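First the structure, in the form of structure tokens, and then the observations on it.
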Amino acid sequence: MHSAITIKNLTKHYKKVQALNNVSLDIQPGKITGLVGPNGAGKSTLIKSLVGALQPTAGDVKVLDLDPIKQRWSLRKKLGYMPQEPALYTDLSARENVAFYARLHRVADSRQHAAKLLSELDLGGRLNSPVNDLSGGMQKRVSLACALVHNPQLLILDEPTAALDPILKRLLWNKFREFTSQGKTLIISTHLMDEAMLCDSVVLLQLGQVVAYGAPRELVTSGQAVLRYHKQGQEYTENIRSEGNALAAVLHKHGLSQDISQLEIEAENLEDVMVKILNKQDKKNQ
């Protein structure tokens, strides 16, 4: 298996709406890939295509070398999926929910396994709490435990850290990196650009098309930066590329003169770069 996911010319129509338009991607195993884009970009449709929840209009999809439609039951043994809205039984406890999914996957010692997973997600003190009594962030973590219960090779997570505080976000991202160190592959849909920066690669979707795909730091260095400096009481600015050698060239040019008393760099971040890409694509589509 060379790629964890291979998508070729994937297209999906909902009557007059084209949710996906000729999408092609290769996603490598053991990496975290972020799915980003505005509402209606096609992220949810792409995820549903990967987990076998809908039939594409055209194109081919292979997930872990399996067809998500024709081989969906084989795939589900290897796939963990966490939807954006927790799919939990709210009248059951956190442990009972996870144990239920463990039994579906024929995991031995389901209750003990559920308790272990929940403890790793900092919910050891709420094992017996009904889901109804848990906060939204806690419910997210119970939902994640349900997705992890059968030790899947591939995890597809839709907004997994929404409504979580910074400490819990860091906890989960440490877990995500632990998973990739074990060879697992993660697909994470997110609206948070600081989280997209933590991914190994980012797919930017707009109107059902891939408009950018690459390592987030490479995308950032394709942007612009403003160098602002003060010399002999005057403020000067220079526009440069957001990459180290461009900055070095400017500093070499100035020779870091003693007259330069202050130096500031305002570089475009990932959100700035992506907004520019989206605006450029909008103009093309007009």
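Starting from 1 in every chain, residues are counted up; chains themselves are A, B, ... following the order of the structure tokens, and ligands are numbered from 1 as listed.
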
request  = Per DSSP on the backbone, filter range 32-134 of chain A down to the residues in alpha helix (DSSP H) and report them as a ChimeraX atom specification.
outcome  = /A:43-50,72-76,94-104,110-120

Requested write-out: C-alpha atoms of the selected residues, as a PDB file, in the first residue's frame:
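Contents of selection_5.pdb, freshly written:
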```
ATOM      1  CA  LYS A  43     -15.458  18.793   3.234  1.00  0.00           C
ATOM      2  CA  SER A  44     -18.405  16.830   4.664  1.00  0.00           C
ATOM      3  CA  THR A  45     -19.189  15.243   1.306  1.00  0.00           C
ATOM      4  CA  LEU A  46     -15.560  14.194   0.917  1.00  0.00           C
ATOM      5  CA  ILE A  47     -15.542  12.649   4.397  1.00  0.00           C
ATOM      6  CA  LYS A  48     -18.800  10.775   3.694  1.00  0.00           C
ATOM      7  CA  SER A  49     -17.252   9.454   0.476  1.00  0.00           C
ATOM      8  CA  LEU A  50     -14.234   8.162   2.403  1.00  0.00           C
ATOM      9  CA  ARG A  72     -17.492  -1.042   3.543  1.00  0.00           C
ATOM     10  CA  TRP A  73     -17.685  -3.737   6.230  1.00  0.00           C
ATOM     11  CA  SER A  74     -14.045  -4.712   5.762  1.00  0.00           C
ATOM     12  CA  LEU A  75     -13.090  -1.030   5.826  1.00  0.00           C
ATOM     13  CA  ARG A  76     -14.990  -0.281   9.027  1.00  0.00           C
ATOM     14  CA  ALA A  94     -19.591   7.582  29.197  1.00  0.00           C
ATOM     15  CA  ARG A  95     -18.197   4.098  29.865  1.00  0.00           C
ATOM     16  CA  GLU A  96     -21.377   2.355  28.702  1.00  0.00           C
ATOM     17  CA  ASN A  97     -21.251   4.256  25.401  1.00  0.00           C
ATOM     18  CA  VAL A  98     -17.638   3.296  24.689  1.00  0.00           C
ATOM     19  CA  ALA A  99     -18.159  -0.279  25.890  1.00  0.00           C
ATOM     20  CA  PHE A 100     -21.143  -0.596  23.522  1.00  0.00           C
ATOM     21  CA  TYR A 101     -18.950   0.289  20.525  1.00  0.00           C
ATOM     22  CA  ALA A 102     -16.243  -2.030  21.859  1.00  0.00           C
ATOM     23  CA  ARG A 103     -18.698  -4.934  21.869  1.00  0.00           C
ATOM     24  CA  LEU A 104     -19.780  -4.100  18.305  1.00  0.00           C
ATOM     25  CA  SER A 110     -15.148  -4.048  26.760  1.00  0.00           C
ATOM     26  CA  ARG A 111     -15.831  -2.215  30.036  1.00  0.00           C
ATOM     27  CA  GLN A 112     -12.209  -2.313  31.154  1.00  0.00           C
ATOM     28  CA  HIS A 113     -11.052  -1.204  27.708  1.00  0.00           C
ATOM     29  CA  ALA A 114     -13.581   1.655  27.720  1.00  0.00           C
ATOM     30  CA  ALA A 115     -12.364   2.839  31.133  1.00  0.00           C
ATOM     31  CA  LYS A 116      -8.741   2.807  29.937  1.00  0.00           C
ATOM     32  CA  LEU A 117      -9.509   4.858  26.819  1.00  0.00           C
ATOM     33  CA  LEU A 118     -11.576   7.415  28.716  1.00  0.00           C
ATOM     34  CA  SER A 119      -8.875   7.775  31.374  1.00  0.00           C
ATOM     35  CA  GLU A 120      -6.297   8.477  28.658  1.00  0.00           C
TER      36      GLU A 120
END
```

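Minimum distance to Lys175 in chain A across A:Leu121, A:Ile188, A:Met274, A:Leu134 (counting only C-alpha atoms) occurs at A:Leu121.
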
Within 7 Å of Cys199 in chain A using only C-alpha atoms, minus same-chain residues under 5 positions, as a list in words = Ile32, Thr33 and Gly34 of chain A

Resulting file, chosen residues, C-alpha atoms, as a tab-separated table (two decimals), in the first residue's frame:
```
chain	number	residue	atom	x	y	z
A	32	ILE	CA	-1.99	13.99	9.64
A	33	THR	CA	-3.88	15.66	6.79
A	34	GLY	CA	-6.08	18.67	7.51
```

Could you give me, as CSV, a per-residue list for range 128-169 of chain A showing, wherever an atom lies at most 12 Å from an atom of range 4-25 of chain A, the closest pair of atoms and their distance in Å to one decimal, using only C-alpha atoms and sorting by chain then residue number from low to high?
```
residue,atom,partner,partner_atom,distance
A:Gln153,CA,A:Ala4,CA,9.3
A:Leu154,CA,A:Ala4,CA,8.1
A:Leu155,CA,A:Ala4,CA,11.0
A:Ile156,CA,A:Ile5,CA,11.6
```

query = Separation of CA of Pro83 in chain A and CA of Cys146 in chain A, in Å?
reply =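 Separation of CA of Pro83 in chain A and CA of Cys146 in chain A: 10.8 Å.
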
inquiry  = With DSSP run on the backbone, what are the strand (DSSP E) residues within range 36-117 of chain A? I'd like them as JSON, numbers by chain.
reply    = {"A": [36, 58, 59, 60, 61, 62, 63, 79, 80, 81, 82]}

Output C-alpha atoms for every residue in the selection just made, as an mmCIF file, in the first residue's frame.
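Now in out_12.cif:
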```cif
data_model
loop_
_atom_site.group_PDB
_atom_site.id
_atom_site.type_symbol
_atom_site.label_atom_id
_atom_site.label_comp_id
_atom_site.auth_asym_id
_atom_site.auth_seq_id
_atom_site.Cartn_x
_atom_site.Cartn_y
_atom_site.Cartn_z
ATOM 1 C CA VAL A 36 -10.013 23.115 5.471
ATOM 2 C CA ALA A 58 -18.288 9.533 -10.664
ATOM 3 C CA GLY A 59 -14.668 8.775 -9.879
ATOM 4 C CA ASP A 60 -12.771 6.222 -7.827
ATOM 5 C CA VAL A 61 -11.891 6.104 -4.116
ATOM 6 C CA LYS A 62 -9.616 3.619 -2.379
ATOM 7 C CA VAL A 63 -9.215 3.796 1.400
ATOM 8 C CA LEU A 79 -11.478 2.866 10.180
ATOM 9 C CA GLY A 80 -12.416 5.085 13.108
ATOM 10 C CA TYR A 81 -14.796 7.966 12.398
ATOM 11 C CA MET A 82 -15.734 10.784 14.754
#
```

task = Write out as a list in words each polymer residue whose atoms come within 8 Å of Val273 in chain A, counting only C-alpha atoms; drop sequence neighbours fewer than 4 positions from it.
result =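 Near Val273 in chain A, the qualifying residues are Leu219, Val220, Ser222, Gly223, Glu268, Asn269 and Ile277 of chain A.
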
Write out, as a compact mmCIF listing (two decimals), in the first residue's frame, the residues just selected, with C-alpha atoms.
```txt
# COMPACT_ATOMS: atom_id res chain seq x y z
CA LEU A 219 1.89 27.36 1.87
CA VAL A 220 2.78 30.10 4.35
CA SER A 222 4.29 31.32 -0.61
CA GLY A 223 2.78 34.45 0.99
CA GLU A 268 1.08 36.55 6.36
CA ASN A 269 -0.17 33.56 8.31
CA ILE A 277 -6.09 31.67 -2.67
```

key: Interatomic distance, CA of His105 in chain A to CA of His150 in chain A (Å, one decimal)   =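 Computing the Euclidean distance for CA of His105 in chain A and CA of His150 in chain A yields 6.3 Å.
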